[in-house]
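Working notes for the structure below.
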Amino acid sequence: MLKDLVKSEEFHLCTYVSSEDGKLWQQCVWSQRGKECTEVAKHYITVAAKPEYHPTLLNIINTVVYYSFEDAYRVLQECKECIPESKEVLELADQCMKNSTKGRFPVIVIEGLDATGKTTLTQSLQEILRGALLRSPPGCLSQWRARFDAEPPLIRRAFYALGNYISACDIARESAKSPVIVDRYWHSTAAYAIATEVGGTLESLPSSHSEVYRWPRDLLTPDLVVLLTVRPEERARRLLARGVEKTREEAELEANNLFRQKVEEAYRRIQDPACVVIDASPSKEEVLSEVLLLIQKHCNL
Ligand SMILES: Nc1nc2c(ncn2[C@@H]2O[C@H](COP(=O)(O)OP(=O)(O)OP(=O)(O)O)[C@@H](O)[C@H]2O)c(=O)[nH]1
Ligand SMILES: Nc1ncnc2c1ncn2[C@@H]1O[C@H](COP(=O)(O)OP(=O)(O)O)[C@@H](O)[C@H]1O
């Protein structure tokens with residue numbers, strides 16, 4: 001490109017030089033074919049204060065993380081012409097009560113990266129607590145999941161957000177009858193969206209008090225959220241042993257340690273309710289008994 005510039009009749013070029021006193025200057029030069037370069041401007045470069053939010057954060061709220069049913073619903077409404085499946089998702093969303101209210105029984109959400117043991121633990125908890133086992137996105141959306149996973153973040157995350165609201169409707173109904181165990185819910189939606197959208201290192205994640213981690217006002221709040229964590233090598237061993245096809249994001253988690261760390265850190269920063277972190281590396285039986293103790297303590301069960 002530079003050689004194309006030099007061939008052109010005239011061009012402007014900026015270079016950065018430091019003066020003896022250590023100051024940094026931007027020197028803009030202008031040149032005409034065959035003539036000497038002429039300095040046209042010289043600017044002193046100063047260090048700006050670190051912005052409150054990482055630039056990639058500014059477009060997260062309500063474009064990849066949704067904080068109300070309406071915001072997520074509106075995105076899929078816009079997609080009805082180009083993604084016909086949106087109509088059916090919206091019809092299911094229409095049937096769910098907005099602002100579903102939790103029943104008198106406790107609602108426990110189990111979160112964690114793939115292969116941390118959520119499926120195993122939630123099935124055992126369902127049996128022991130004689131509760132209902134739900135998941136987000138709910139089964140009624142499974143047939144369209146791959147379709148929306150292929151869409152850009154704006155649409156994909158709206159799909160998962162609506163999935164949480166539809167699951168919330170099921171949680172409200174079931175928690176009137178028995179304890180409810182949920183395999184993934186809002187924390188997964190927010191953590192994967194934030195970790196995917198925020199570039200850079202762990203330091204680029206919004207600070208723990210950022211509004212990006214707040215719980216949606218209109219989404220049913222669980223009594224307890226347990227985050228299962230496992231050492232990366234143990235998780236890889238379990239994934240291999242399970243031999244199940246990974247989602248694109250799981251493949252990404254495998255390949256990209258930084259992305260995995262960002263997802264886990266985003267999980268930990270979400271508030272109201274915050275996750276209770278459990279090391280799920282021990283045996284299934286040990287993990288189960290630790291989580292049961294936690295449930296007894298938090299939910300008086
Ligand atoms: N459930 C859920 N999954 C999401 C969401 N956003 C992204 N994902 C992706 O979907 C993958 C897992 O979806 P699941 O339906 O839980 O698939 P699974 O095989 O049951 O995963 P495990 O529950 O970890 O066994 C996650 O690992 C993410 O890569 C979300 O909002 N909710
Ligand atoms: N505590 C544990 N110790 C050893 N292996 C486990 C444990 N929990 C689950 N597993 C095994 O790890 C694999 C992934 O577990 P799974 O429950 O499917 O995780 P997730 O639902 O989080 O993806 C399965 O083969 C399962 O049998």
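Residues are named by chain letter and number: chains run A, B, ... in the order of the structure tokens, numbers start at 1 in each chain, and ligands are numbered from 1 in the order shown.
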Could you pull out the residues in segment 29-93 of chain A that DSSP calls alpha helix (DSSP H) from the backbone, as a ChimeraX atom specification?
-> /A:69-78,85-93
Just the selected residues (N, CA, C and O atoms), exported as a short mmCIF file (atom, residue, chain, number, x, y, z; two decimals), in the first residue's frame, please.
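Heads up, here's the output in selection_39.cif:
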data_model
loop_
_atom_site.label_atom_id
_atom_site.label_comp_id
_atom_site.auth_asym_id
_atom_site.auth_seq_id
_atom_site.Cartn_x
_atom_site.Cartn_y
_atom_site.Cartn_z
N PHE A 69 -37.65 -8.49 28.56
CA PHE A 69 -38.35 -9.35 27.60
C PHE A 69 -38.59 -8.56 26.30
O PHE A 69 -38.32 -9.04 25.19
N GLU A 70 -39.06 -7.33 26.44
CA GLU A 70 -39.42 -6.54 25.25
C GLU A 70 -38.22 -6.34 24.34
O GLU A 70 -38.33 -6.43 23.12
N ASP A 71 -37.06 -6.06 24.92
CA ASP A 71 -35.89 -5.78 24.07
C ASP A 71 -35.50 -7.00 23.23
O ASP A 71 -35.19 -6.88 22.05
N ALA A 72 -35.55 -8.17 23.86
CA ALA A 72 -35.20 -9.39 23.11
C ALA A 72 -36.30 -9.71 22.09
O ALA A 72 -36.03 -10.05 20.93
N TYR A 73 -37.55 -9.54 22.52
CA TYR A 73 -38.71 -9.84 21.66
C TYR A 73 -38.68 -8.97 20.40
O TYR A 73 -38.88 -9.45 19.29
N ARG A 74 -38.33 -7.71 20.60
CA ARG A 74 -38.33 -6.75 19.48
C ARG A 74 -37.34 -7.17 18.39
O ARG A 74 -37.61 -7.07 17.20
N VAL A 75 -36.20 -7.72 18.82
CA VAL A 75 -35.17 -8.12 17.83
C VAL A 75 -35.72 -9.24 16.96
O VAL A 75 -35.63 -9.20 15.74
N LEU A 76 -36.35 -10.24 17.59
CA LEU A 76 -36.87 -11.36 16.78
C LEU A 76 -38.06 -10.92 15.94
O LEU A 76 -38.28 -11.44 14.84
N GLN A 77 -38.80 -9.93 16.40
CA GLN A 77 -39.91 -9.41 15.58
C GLN A 77 -39.35 -8.84 14.27
O GLN A 77 -39.90 -9.04 13.20
N GLU A 78 -38.21 -8.18 14.37
CA GLU A 78 -37.59 -7.57 13.18
C GLU A 78 -37.10 -8.65 12.21
O GLU A 78 -36.84 -8.40 11.04
N GLU A 85 -38.41 -18.91 11.31
CA GLU A 85 -38.52 -19.60 12.60
C GLU A 85 -38.79 -18.61 13.74
O GLU A 85 -39.30 -18.98 14.80
N SER A 86 -38.45 -17.34 13.53
CA SER A 86 -38.67 -16.32 14.59
C SER A 86 -40.13 -16.27 14.97
O SER A 86 -40.47 -16.07 16.14
N LYS A 87 -41.01 -16.46 13.96
CA LYS A 87 -42.46 -16.35 14.24
C LYS A 87 -42.88 -17.38 15.30
O LYS A 87 -43.60 -17.07 16.24
N GLU A 88 -42.32 -18.60 15.12
CA GLU A 88 -42.73 -19.67 16.06
C GLU A 88 -42.14 -19.42 17.45
O GLU A 88 -42.78 -19.66 18.47
N VAL A 89 -40.93 -18.89 17.49
CA VAL A 89 -40.32 -18.57 18.81
C VAL A 89 -41.15 -17.47 19.47
O VAL A 89 -41.48 -17.56 20.66
N LEU A 90 -41.56 -16.48 18.69
CA LEU A 90 -42.35 -15.37 19.26
C LEU A 90 -43.71 -15.85 19.75
O LEU A 90 -44.21 -15.41 20.79
N GLU A 91 -44.29 -16.81 19.02
CA GLU A 91 -45.60 -17.36 19.46
C GLU A 91 -45.43 -18.06 20.82
O GLU A 91 -46.25 -17.87 21.72
N LEU A 92 -44.34 -18.78 20.98
CA LEU A 92 -44.10 -19.44 22.29
C LEU A 92 -43.85 -18.39 23.36
O LEU A 92 -44.34 -18.50 24.49
N ALA A 93 -43.14 -17.35 22.99
CA ALA A 93 -42.86 -16.28 23.97
C ALA A 93 -44.16 -15.58 24.36
O ALA A 93 -44.38 -15.23 25.52
#
All residues within 10 Å of ligand 1 are required, counting only C-alpha atoms and all ligand atoms; please report them as a PyMOL selection string.
-> chain A and resi 65+110-120+122+135-139+142+145-146+149+153+156-164+183-193+196+239+242+244-253+263
Atoms kept (C-alpha atoms) for selection, written as a PDB file, in the first residue's frame:
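Writing the result to result.pdb gives the following:
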ATOM      1  CA  VAL A  65     -27.092  -8.826  26.462  1.00  0.00           C
ATOM      2  CA  ILE A 110     -26.646 -25.060  38.082  1.00  0.00           C
ATOM      3  CA  GLU A 111     -24.176 -23.239  35.852  1.00  0.00           C
ATOM      4  CA  GLY A 112     -20.767 -23.972  34.420  1.00  0.00           C
ATOM      5  CA  LEU A 113     -18.791 -24.604  31.254  1.00  0.00           C
ATOM      6  CA  ASP A 114     -19.541 -27.672  29.209  1.00  0.00           C
ATOM      7  CA  ALA A 115     -18.449 -30.937  30.905  1.00  0.00           C
ATOM      8  CA  THR A 116     -18.258 -29.473  34.409  1.00  0.00           C
ATOM      9  CA  GLY A 117     -20.915 -31.959  35.454  1.00  0.00           C
ATOM     10  CA  LYS A 118     -24.161 -29.968  35.241  1.00  0.00           C
ATOM     11  CA  THR A 119     -26.223 -32.683  33.555  1.00  0.00           C
ATOM     12  CA  THR A 120     -24.978 -35.344  35.980  1.00  0.00           C
ATOM     13  CA  THR A 122     -28.973 -31.814  38.022  1.00  0.00           C
ATOM     14  CA  ARG A 135     -33.159 -26.160  31.319  1.00  0.00           C
ATOM     15  CA  SER A 136     -32.627 -23.007  29.312  1.00  0.00           C
ATOM     16  CA  PRO A 137     -33.187 -22.770  26.438  1.00  0.00           C
ATOM     17  CA  PRO A 138     -36.270 -24.925  27.103  1.00  0.00           C
ATOM     18  CA  GLY A 139     -36.961 -28.091  25.114  1.00  0.00           C
ATOM     19  CA  SER A 142     -34.382 -27.065  20.799  1.00  0.00           C
ATOM     20  CA  ARG A 145     -31.262 -23.757  18.332  1.00  0.00           C
ATOM     21  CA  ALA A 146     -28.807 -24.617  15.555  1.00  0.00           C
ATOM     22  CA  ASP A 149     -26.624 -20.346  16.708  1.00  0.00           C
ATOM     23  CA  PRO A 153     -24.774 -12.159  18.104  1.00  0.00           C
ATOM     24  CA  ARG A 156     -28.545 -15.280  18.597  1.00  0.00           C
ATOM     25  CA  ARG A 157     -28.445 -13.734  22.050  1.00  0.00           C
ATOM     26  CA  ALA A 158     -32.023 -12.463  21.698  1.00  0.00           C
ATOM     27  CA  PHE A 159     -33.034 -16.067  21.016  1.00  0.00           C
ATOM     28  CA  TYR A 160     -31.276 -17.297  24.196  1.00  0.00           C
ATOM     29  CA  ALA A 161     -32.680 -14.365  26.181  1.00  0.00           C
ATOM     30  CA  LEU A 162     -36.236 -15.247  25.122  1.00  0.00           C
ATOM     31  CA  GLY A 163     -35.399 -18.851  26.015  1.00  0.00           C
ATOM     32  CA  ASN A 164     -34.728 -17.704  29.576  1.00  0.00           C
ATOM     33  CA  ASP A 183     -29.563 -26.526  33.947  1.00  0.00           C
ATOM     34  CA  ARG A 184     -28.222 -23.151  32.755  1.00  0.00           C
ATOM     35  CA  TYR A 185     -30.195 -19.907  32.843  1.00  0.00           C
ATOM     36  CA  TRP A 186     -29.415 -16.163  32.668  1.00  0.00           C
ATOM     37  CA  HIS A 187     -25.794 -16.490  33.864  1.00  0.00           C
ATOM     38  CA  SER A 188     -24.894 -18.633  30.816  1.00  0.00           C
ATOM     39  CA  THR A 189     -26.574 -16.207  28.456  1.00  0.00           C
ATOM     40  CA  ALA A 190     -24.865 -13.156  29.890  1.00  0.00           C
ATOM     41  CA  ALA A 191     -21.459 -14.752  30.522  1.00  0.00           C
ATOM     42  CA  TYR A 192     -21.054 -16.183  27.018  1.00  0.00           C
ATOM     43  CA  ALA A 193     -22.310 -12.964  25.410  1.00  0.00           C
ATOM     44  CA  THR A 196     -17.548 -13.179  23.301  1.00  0.00           C
ATOM     45  CA  LEU A 239     -15.273 -33.953  27.409  1.00  0.00           C
ATOM     46  CA  ARG A 242     -18.244 -38.084  27.000  1.00  0.00           C
ATOM     47  CA  VAL A 244     -20.255 -35.568  22.533  1.00  0.00           C
ATOM     48  CA  GLU A 245     -20.224 -33.052  19.680  1.00  0.00           C
ATOM     49  CA  LYS A 246     -19.182 -29.655  21.034  1.00  0.00           C
ATOM     50  CA  THR A 247     -21.000 -26.462  20.210  1.00  0.00           C
ATOM     51  CA  ARG A 248     -18.973 -23.957  18.242  1.00  0.00           C
ATOM     52  CA  GLU A 249     -18.473 -21.979  21.423  1.00  0.00           C
ATOM     53  CA  GLU A 250     -17.288 -25.071  23.277  1.00  0.00           C
ATOM     54  CA  ALA A 251     -14.764 -25.706  20.524  1.00  0.00           C
ATOM     55  CA  GLU A 252     -13.713 -22.117  21.002  1.00  0.00           C
ATOM     56  CA  LEU A 253     -13.425 -22.706  24.758  1.00  0.00           C
ATOM     57  CA  VAL A 263     -16.528 -16.800  30.422  1.00  0.00           C
TER      58      VAL A 263
END
Write out as a PyMOL selection string which residues come within 10 Å of Asp170 of chain A when counting only C-alpha atoms, dropping same-chain ones fewer than 6 positions away.
-> chain A and resi 96-97+100+102+132+134-135+138+164+180
Selection from above, C-alpha atoms, as a PDB file, in the first residue's frame, can you write it?
ATOM      1  CA  CYS A  96     -45.425 -17.162  28.581  1.00  0.00           C
ATOM      2  CA  MET A  97     -46.543 -14.893  31.365  1.00  0.00           C
ATOM      3  CA  SER A 100     -43.382 -14.853  35.949  1.00  0.00           C
ATOM      4  CA  LYS A 102     -41.652 -17.819  41.589  1.00  0.00           C
ATOM      5  CA  ALA A 132     -38.700 -30.647  38.465  1.00  0.00           C
ATOM      6  CA  LEU A 134     -35.745 -27.689  33.608  1.00  0.00           C
ATOM      7  CA  ARG A 135     -33.159 -26.160  31.319  1.00  0.00           C
ATOM      8  CA  PRO A 138     -36.270 -24.925  27.103  1.00  0.00           C
ATOM      9  CA  ASN A 164     -34.728 -17.704  29.576  1.00  0.00           C
ATOM     10  CA  VAL A 180     -36.999 -26.753  40.668  1.00  0.00           C
TER      11      VAL A 180
END
Leu121 of chain A: which residues within 10 Å, counting only C-alpha atoms, same-chain residues fewer than 5 positions away excluded, as a list in words?
->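 So the residues in contact are Ile110, Thr116, Gln126, Ile181, Asp183, Leu228, Ala280, Lys284, Glu285, Val287, Leu288 and Val291 of chain A.
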Same residues, all heavy atoms, output as a CSV table (one decimal), in the first residue's frame:
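Listed below is the output, again-v6.csv:
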chain,number,residue,atom,x,y,z
A,110,ILE,N,-28.0,-24.5,38.1
A,110,ILE,CA,-26.6,-25.1,38.1
A,110,ILE,C,-26.0,-24.5,36.8
A,110,ILE,O,-26.5,-24.7,35.7
A,110,ILE,CB,-26.7,-26.6,38.1
A,110,ILE,CG1,-27.4,-27.1,39.3
A,110,ILE,CG2,-25.2,-27.1,38.1
A,110,ILE,CD1,-26.9,-26.8,40.6
A,116,THR,N,-18.6,-29.7,33.0
A,116,THR,CA,-18.3,-29.5,34.4
A,116,THR,C,-19.1,-30.4,35.3
A,116,THR,O,-18.9,-30.4,36.5
A,116,THR,CB,-18.5,-28.0,34.8
A,116,THR,OG1,-19.8,-27.6,34.3
A,116,THR,CG2,-17.4,-27.1,34.2
A,126,GLN,N,-32.5,-33.8,41.0
A,126,GLN,CA,-34.0,-33.9,40.7
A,126,GLN,C,-34.5,-35.2,41.5
A,126,GLN,O,-35.6,-35.1,42.1
A,126,GLN,CB,-34.2,-34.2,39.2
A,126,GLN,CG,-35.6,-34.4,38.8
A,126,GLN,CD,-35.8,-34.9,37.4
A,126,GLN,OE1,-34.8,-35.4,36.8
A,126,GLN,NE2,-37.0,-34.9,37.0
A,181,ILE,N,-34.9,-27.6,39.7
A,181,ILE,CA,-33.5,-27.5,39.3
A,181,ILE,C,-33.4,-27.1,37.9
A,181,ILE,O,-34.1,-27.6,37.0
A,181,ILE,CB,-32.9,-29.0,39.4
A,181,ILE,CG1,-33.4,-29.7,40.6
A,181,ILE,CG2,-31.4,-28.9,39.4
A,181,ILE,CD1,-33.1,-29.1,41.9
A,183,ASP,N,-30.9,-26.3,34.6
A,183,ASP,CA,-29.6,-26.5,33.9
A,183,ASP,C,-29.3,-25.3,33.0
A,183,ASP,O,-29.9,-25.3,31.9
A,183,ASP,CB,-29.6,-27.8,33.2
A,183,ASP,CG,-28.2,-28.1,32.5
A,183,ASP,OD1,-27.4,-27.2,32.3
A,183,ASP,OD2,-28.0,-29.3,32.1
A,228,LEU,N,-20.3,-24.5,38.8
A,228,LEU,CA,-19.4,-25.6,38.9
A,228,LEU,C,-18.1,-25.2,38.1
A,228,LEU,O,-18.1,-24.8,37.0
A,228,LEU,CB,-20.0,-26.9,38.3
A,228,LEU,CG,-21.3,-27.4,38.8
A,228,LEU,CD1,-21.7,-28.7,38.1
A,228,LEU,CD2,-21.2,-27.6,40.4
A,280,ALA,N,-15.9,-28.6,41.2
A,280,ALA,CA,-16.6,-29.9,40.8
A,280,ALA,C,-15.6,-30.9,40.3
A,280,ALA,O,-16.0,-31.9,39.6
A,280,ALA,CB,-17.6,-29.6,39.7
A,284,LYS,N,-18.4,-37.6,41.6
A,284,LYS,CA,-19.8,-37.1,41.5
A,284,LYS,C,-20.5,-37.1,42.9
A,284,LYS,O,-21.2,-36.2,43.2
A,284,LYS,CB,-20.5,-38.1,40.6
A,284,LYS,CG,-20.0,-38.2,39.1
A,284,LYS,CD,-20.7,-39.2,38.3
A,284,LYS,CE,-20.0,-39.4,37.0
A,284,LYS,NZ,-20.6,-40.5,36.1
A,285,GLU,N,-20.2,-38.1,43.6
A,285,GLU,CA,-20.8,-38.3,45.0
A,285,GLU,C,-20.4,-37.1,45.9
A,285,GLU,O,-21.2,-36.5,46.6
A,285,GLU,CB,-20.4,-39.6,45.6
A,285,GLU,CG,-20.9,-40.8,44.9
A,285,GLU,CD,-20.2,-41.1,43.5
A,285,GLU,OE1,-19.0,-40.6,43.4
A,285,GLU,OE2,-20.8,-41.7,42.6
A,287,VAL,N,-19.3,-34.1,45.0
A,287,VAL,CA,-19.9,-32.9,44.5
A,287,VAL,C,-21.3,-32.8,44.9
A,287,VAL,O,-21.8,-31.8,45.4
A,287,VAL,CB,-19.7,-32.7,42.9
A,287,VAL,CG1,-20.4,-31.5,42.4
A,287,VAL,CG2,-18.2,-32.7,42.6
A,288,LEU,N,-22.0,-33.9,44.7
A,288,LEU,CA,-23.5,-33.9,45.0
A,288,LEU,C,-23.7,-33.6,46.5
A,288,LEU,O,-24.5,-32.8,46.9
A,288,LEU,CB,-24.0,-35.3,44.7
A,288,LEU,CG,-25.5,-35.5,45.1
A,288,LEU,CD1,-26.5,-34.5,44.4
A,288,LEU,CD2,-25.9,-37.0,44.7
A,291,VAL,N,-23.1,-29.9,47.2
A,291,VAL,CA,-24.2,-29.0,46.7
A,291,VAL,C,-25.5,-29.2,47.6
A,291,VAL,O,-26.2,-28.3,47.8
A,291,VAL,CB,-24.5,-29.3,45.2
A,291,VAL,CG1,-25.7,-28.6,44.7
A,291,VAL,CG2,-23.2,-28.9,44.4
From A:Gly243, A:Pro106, A:Pro222, A:Pro273, residue lying nearest ligand 2 [only C-alpha atoms and all ligand atoms] =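 Ranking A:Gly243, A:Pro106, A:Pro222, A:Pro273 by distance to ligand 2, first place goes to A:Gly243.
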Looking at only C-alpha atoms, which of A:Ser175, A:Ser167, A:Asn256, A:Ser204 is the one that sits closest to Arg130 of chain A?
-> A:Ser175
Which neighbours of Tyr44 of chain A fall inside 10 Å, counting only C-alpha atoms, when residues of the same chain fewer than 4 positions from it are skipped, and could you give them as a PyMOL selection string?
-> chain A and resi 16-18+23-27
Keeping only N, CA and C atoms, write the selected residues as a PDB file, in the first residue's frame.
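Saved to again-v5.pdb:
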ATOM      1  N   TYR A  16       5.483   9.052  14.276  1.00  0.00           N
ATOM      2  CA  TYR A  16       5.490   9.368  15.720  1.00  0.00           C
ATOM      3  C   TYR A  16       6.939   9.401  16.176  1.00  0.00           C
ATOM      4  N   VAL A  17       7.331  10.543  16.742  1.00  0.00           N
ATOM      5  CA  VAL A  17       8.722  10.666  17.191  1.00  0.00           C
ATOM      6  C   VAL A  17       8.743  11.134  18.638  1.00  0.00           C
ATOM      7  N   SER A  18       9.830  10.731  19.367  1.00  0.00           N
ATOM      8  CA  SER A  18       9.914  11.258  20.741  1.00  0.00           C
ATOM      9  C   SER A  18      11.069  12.260  20.795  1.00  0.00           C
ATOM     10  N   LYS A  23       9.018  13.430  25.395  1.00  0.00           N
ATOM     11  CA  LYS A  23       7.627  13.638  24.957  1.00  0.00           C
ATOM     12  C   LYS A  23       7.414  12.957  23.605  1.00  0.00           C
ATOM     13  N   LEU A  24       6.151  12.548  23.340  1.00  0.00           N
ATOM     14  CA  LEU A  24       5.828  11.879  22.094  1.00  0.00           C
ATOM     15  C   LEU A  24       5.097  12.874  21.188  1.00  0.00           C
ATOM     16  N   TRP A  25       5.541  12.932  19.898  1.00  0.00           N
ATOM     17  CA  TRP A  25       4.936  13.882  18.948  1.00  0.00           C
ATOM     18  C   TRP A  25       4.434  13.129  17.712  1.00  0.00           C
ATOM     19  N   GLN A  26       3.308  13.594  17.164  1.00  0.00           N
ATOM     20  CA  GLN A  26       2.833  13.073  15.882  1.00  0.00           C
ATOM     21  C   GLN A  26       3.215  14.114  14.825  1.00  0.00           C
ATOM     22  N   GLN A  27       4.046  13.670  13.875  1.00  0.00           N
ATOM     23  CA  GLN A  27       4.550  14.592  12.852  1.00  0.00           C
ATOM     24  C   GLN A  27       3.844  14.264  11.537  1.00  0.00           C
TER      25      GLN A  27
END
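Compared by their closest atoms to ligand 2, and using only C-alpha atoms and all ligand atoms, the residues A:Ala266, A:Leu301, A:Val182, A:Ile60 rank with A:Val182 nearest.
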Name all residues at most 8 Å from Leu205 of chain A (count only C-alpha atoms; drop same-chain ones fewer than 2 positions away) and give them as JSON, numbers by chain.
-> {"A": [54, 194, 195, 198, 201, 202, 203, 207, 262, 266]}
Could the residues in this selection be saved with all heavy atoms as a PDB file, in the first residue's frame?
ATOM      1  N   HIS A  54     -14.429  -0.422  28.584  1.00  0.00           N
ATOM      2  CA  HIS A  54     -13.661  -0.864  27.408  1.00  0.00           C
ATOM      3  C   HIS A  54     -14.530  -0.566  26.183  1.00  0.00           C
ATOM      4  O   HIS A  54     -15.746  -0.813  26.214  1.00  0.00           O
ATOM      5  CB  HIS A  54     -13.388  -2.361  27.544  1.00  0.00           C
ATOM      6  CG  HIS A  54     -12.451  -2.898  26.488  1.00  0.00           C
ATOM      7  ND1 HIS A  54     -12.885  -3.275  25.230  1.00  0.00           N
ATOM      8  CD2 HIS A  54     -11.117  -3.080  26.491  1.00  0.00           C
ATOM      9  CE1 HIS A  54     -11.850  -3.698  24.517  1.00  0.00           C
ATOM     10  NE2 HIS A  54     -10.763  -3.582  25.258  1.00  0.00           N
ATOM     11  N   ILE A 194     -21.018 -11.690  27.023  1.00  0.00           N
ATOM     12  CA  ILE A 194     -20.015 -10.689  27.428  1.00  0.00           C
ATOM     13  C   ILE A 194     -18.615 -11.163  27.039  1.00  0.00           C
ATOM     14  O   ILE A 194     -17.829 -10.427  26.434  1.00  0.00           O
ATOM     15  CB  ILE A 194     -20.105 -10.430  28.945  1.00  0.00           C
ATOM     16  CG1 ILE A 194     -21.431  -9.744  29.287  1.00  0.00           C
ATOM     17  CG2 ILE A 194     -18.924  -9.573  29.435  1.00  0.00           C
ATOM     18  CD1 ILE A 194     -21.786  -9.776  30.764  1.00  0.00           C
ATOM     19  N   ALA A 195     -18.315 -12.424  27.337  1.00  0.00           N
ATOM     20  CA  ALA A 195     -16.958 -12.934  27.052  1.00  0.00           C
ATOM     21  C   ALA A 195     -16.688 -12.940  25.555  1.00  0.00           C
ATOM     22  O   ALA A 195     -15.555 -12.712  25.116  1.00  0.00           O
ATOM     23  CB  ALA A 195     -16.807 -14.340  27.615  1.00  0.00           C
ATOM     24  N   VAL A 198     -16.456  -8.876  24.409  1.00  0.00           N
ATOM     25  CA  VAL A 198     -15.387  -8.003  24.928  1.00  0.00           C
ATOM     26  C   VAL A 198     -14.040  -8.550  24.472  1.00  0.00           C
ATOM     27  O   VAL A 198     -13.638  -9.648  24.838  1.00  0.00           O
ATOM     28  CB  VAL A 198     -15.447  -7.931  26.476  1.00  0.00           C
ATOM     29  CG1 VAL A 198     -14.248  -7.154  27.017  1.00  0.00           C
ATOM     30  CG2 VAL A 198     -16.751  -7.290  26.923  1.00  0.00           C
ATOM     31  N   THR A 201      -7.861  -8.729  26.889  1.00  0.00           N
ATOM     32  CA  THR A 201      -7.535  -9.710  27.956  1.00  0.00           C
ATOM     33  C   THR A 201      -8.613  -9.681  29.046  1.00  0.00           C
ATOM     34  O   THR A 201      -9.594  -8.944  28.951  1.00  0.00           O
ATOM     35  CB  THR A 201      -6.181  -9.309  28.607  1.00  0.00           C
ATOM     36  OG1 THR A 201      -6.402  -7.997  29.186  1.00  0.00           O
ATOM     37  CG2 THR A 201      -5.069  -9.239  27.579  1.00  0.00           C
ATOM     38  N   LEU A 202      -8.390 -10.454  30.074  1.00  0.00           N
ATOM     39  CA  LEU A 202      -9.325 -10.497  31.213  1.00  0.00           C
ATOM     40  C   LEU A 202      -9.546  -9.086  31.768  1.00  0.00           C
ATOM     41  O   LEU A 202     -10.640  -8.723  32.166  1.00  0.00           O
ATOM     42  CB  LEU A 202      -8.750 -11.384  32.331  1.00  0.00           C
ATOM     43  CG  LEU A 202      -9.145 -12.848  32.368  1.00  0.00           C
ATOM     44  CD1 LEU A 202      -8.475 -13.545  33.552  1.00  0.00           C
ATOM     45  CD2 LEU A 202     -10.658 -12.999  32.466  1.00  0.00           C
ATOM     46  N   GLU A 203      -8.494  -8.274  31.701  1.00  0.00           N
ATOM     47  CA  GLU A 203      -8.605  -6.903  32.260  1.00  0.00           C
ATOM     48  C   GLU A 203      -9.625  -6.075  31.474  1.00  0.00           C
ATOM     49  O   GLU A 203     -10.106  -5.059  31.941  1.00  0.00           O
ATOM     50  CB  GLU A 203      -7.231  -6.193  32.242  1.00  0.00           C
ATOM     51  CG  GLU A 203      -6.243  -6.695  33.288  1.00  0.00           C
ATOM     52  CD  GLU A 203      -5.882  -8.173  33.105  1.00  0.00           C
ATOM     53  OE1 GLU A 203      -5.661  -8.590  31.933  1.00  0.00           O
ATOM     54  OE2 GLU A 203      -5.887  -8.912  34.108  1.00  0.00           O
ATOM     55  N   SER A 207     -15.733  -3.900  34.899  1.00  0.00           N
ATOM     56  CA  SER A 207     -15.431  -4.139  36.320  1.00  0.00           C
ATOM     57  C   SER A 207     -16.625  -4.811  36.997  1.00  0.00           C
ATOM     58  O   SER A 207     -17.749  -4.775  36.498  1.00  0.00           O
ATOM     59  CB  SER A 207     -15.152  -2.799  37.007  1.00  0.00           C
ATOM     60  OG  SER A 207     -16.367  -2.071  37.055  1.00  0.00           O
ATOM     61  N   LYS A 262     -12.437 -15.854  30.415  1.00  0.00           N
ATOM     62  CA  LYS A 262     -13.357 -14.696  30.393  1.00  0.00           C
ATOM     63  C   LYS A 262     -14.790 -15.140  30.680  1.00  0.00           C
ATOM     64  O   LYS A 262     -15.533 -14.464  31.397  1.00  0.00           O
ATOM     65  CB  LYS A 262     -13.245 -13.972  29.054  1.00  0.00           C
ATOM     66  CG  LYS A 262     -12.013 -13.071  28.987  1.00  0.00           C
ATOM     67  CD  LYS A 262     -11.591 -12.729  27.585  1.00  0.00           C
ATOM     68  CE  LYS A 262     -12.455 -11.769  26.884  1.00  0.00           C
ATOM     69  NZ  LYS A 262     -11.883 -11.360  25.565  1.00  0.00           N
ATOM     70  N   ALA A 266     -16.755 -13.827  33.878  1.00  0.00           N
ATOM     71  CA  ALA A 266     -18.039 -13.123  33.697  1.00  0.00           C
ATOM     72  C   ALA A 266     -19.108 -13.793  34.550  1.00  0.00           C
ATOM     73  O   ALA A 266     -19.897 -13.117  35.230  1.00  0.00           O
ATOM     74  CB  ALA A 266     -18.440 -13.138  32.227  1.00  0.00           C
TER      75      ALA A 266
END
Atomic distance atom CA of Arg231 of chain A - atom CA of Glu290 of chain A, expressed in Å with one decimal =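 It comes out at 17.6 Å.
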Counting only C-alpha atoms and all ligand atoms, figure out which residue out of A:Gln296, A:Glu36, A:Leu227, A:Leu258 gets nearest to ligand 2.
->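 Using only C-alpha atoms and all ligand atoms, the shortest distance to ligand 2 belongs to A:Leu227.
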Enumerate, as a ChimeraX atom specification, the complete set of residues in segment 75-254 of chain A that a backbone-based DSSP assignment places in strand (DSSP E).
-> /A:107-112,132-135,180-183,224-229
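Distances here use only C-alpha atoms and all ligand atoms; by that measure, the residue among A:His43, A:Arg214, A:His298, A:Arg238 closest to ligand 2 is A:Arg238.
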Work out how far atom CA of Ala150 of chain A is from atom CA of Asn257 of chain A, in Å to one decimal.
-> 22.7 Å
Smallest atom-to-atom distance to ligand 2: which of A:Val230, A:Ile270, A:Leu129, A:Ile295, using only C-alpha atoms and all ligand atoms?
-> A:Val230
